[in-house]
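Please read the structure below before turning to the comments.
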Amino acid sequence: MGAREDLQYNGQTIDELISLAPEYDVFEILFALERGLERSLSLRGELSAAELFVLATLAFDREVNNGGFDQFFTNSSVGFAPVIREALVAIGAFEIAEIIERAIIAIGSTDPDQIDVIMSTEDPTRDSELDACDDAFFKAEPMGEFVLEDKIFAFVKANKAFFNPQYGMIEQSVEAPSDRIEESPDSFEAAPYHVVANEVRRLRMQAQE
């Protein structure tokens with residue numbers, strides 16, 4: 001029996017991605033979905049709230065696991081700051097939503113531009129509170145247990161009607177030499193996070209109308 005191929009996003013529908021469990025780990029499926037949603041945003045110029053929540057929580061989980069709350073608020077993932085608490089509540093991660101609320105209070109803003117300025121200045125009190133948030137996060141989600149991923153996947157399955165990651169398929173063989181890769185007319189770069197941040201603002205304004 002041959003080795004299982006790595007999961008890539010190649011235009012699968014949401015039902016096709018969900019059906020890949022348990023052959024693939026939830027983490028692998030969500031990573032493929034993330035690529036598909038980023039491509040959708042690049043082509044459609046908008047996301048559903050459910051799609052945005054998944055992108056936000058995946059970015060949040062990845063950044064905090066790699067470098068704590070400081071990394072989430074200083075990397076491009078800060079574009080999700082306006083919606084991250086709402087996203088965590090939506091997927092049922094209530095304990096972690098309370099932790100992010102503590103972090104946001106310590107910083108004093110959810111606006112990505114303001115946070116960039118705030119995080120560029122020294123503030124031992126803020127940094128100490130963010131460190132405490134790190135400790136609380138890793139108690140709620142111990143390393144290697146993928147608590148958030150399981151909640152995100154359950155959210156995706158329960159709300160699959162609001163997901164459409166099938167745009168922008170790239171026709172590409174993983175084993176092909178780079179000079180022979182041919183891309184379809186729909187090929188494009190993944191959406192930068194400032195585009196995502198603008199989509200966050202659009203959805204929030206739409207909800208307030």
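Residues in the structure tokens are named by chain (A, B, ... in the order shown) and by number from 1 within that chain; ligands are numbered from 1 in the order shown.
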
Quick one: everything within 7 Å of Glu149 in chain A, counting only C-alpha atoms, minus sequence neighbours fewer than 4 positions away in the same chain. Send it as a PyMOL selection string.
-> chain A and resi 26-27+153

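Remark: for Phe72 in chain A, the closest of the candidate residues A:Asp123, A:Ala97, A:Leu130, A:Glu46 is A:Leu130 (distances computed over only C-alpha atoms).
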
Shell of 8 Å around range 54-59 of chain A, only C-alpha atoms, local chain residues under 3 positions omitted, as a ChimeraX atom specification = /A:34,37,50-51,62-63,77,80,83-84,87-88,148-149,152,156

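In this structure, CA of Glu101 in chain A sits 25.6 Å away from CA of Phe31 in chain A.
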
Two-atom distance - CA of Cys133 in chain A, CA of Ile99 in chain A (Å) = 6.0 Å

Tell me, in Å to one decimal, how far CA of Asp61 in chain A is from CA of Glu141 in chain A.
->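 So the answer is 9.6 Å.
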
Could you write out, as a PyMOL selection string, all the residues of range 32-180 of chain A that DSSP marks as alpha helix (DSSP H)?
-> chain A and resi 32-44+49-74+84-90+94-107+112-119+124-140+147-158

Closest-contact table, range 29-119 of chain A side, partner range 3-25 of chain A, 8 Å, counting only C-alpha atoms, as JSON lines:
{"residue": "A:Ile29", "atom": "CA", "partner": "A:Leu17", "partner_atom": "CA", "distance": 6.4}
{"residue": "A:Ala32", "atom": "CA", "partner": "A:Tyr9", "partner_atom": "CA", "distance": 4.8}
{"residue": "A:Leu33", "atom": "CA", "partner": "A:Tyr9", "partner_atom": "CA", "distance": 7.0}
{"residue": "A:Arg35", "atom": "CA", "partner": "A:Tyr9", "partner_atom": "CA", "distance": 6.5}
{"residue": "A:Gly36", "atom": "CA", "partner": "A:Tyr9", "partner_atom": "CA", "distance": 6.2}

Of the residues A:Ile100, A:Ala140, A:Ile91, A:Val64, which is the one nearest to Lys157 in chain A, using only C-alpha atoms?
->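 Closest candidate: A:Ile91.
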
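Minimum atom-to-atom distances from A:Glu86, A:Asp116, A:Glu28, A:Asp111 to Asp70 in chain A were compared using only C-alpha atoms, and the lowest value belongs to A:Asp116.
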
Could you name the residues that touch Ile118 in chain A at 12 Å or less, counting only C-alpha atoms, but leaving out those on the same chain fewer than 2 positions away, as a PyMOL selection string?
-> chain A and resi 70+73-74+78+104+106-116+120-123+126-127
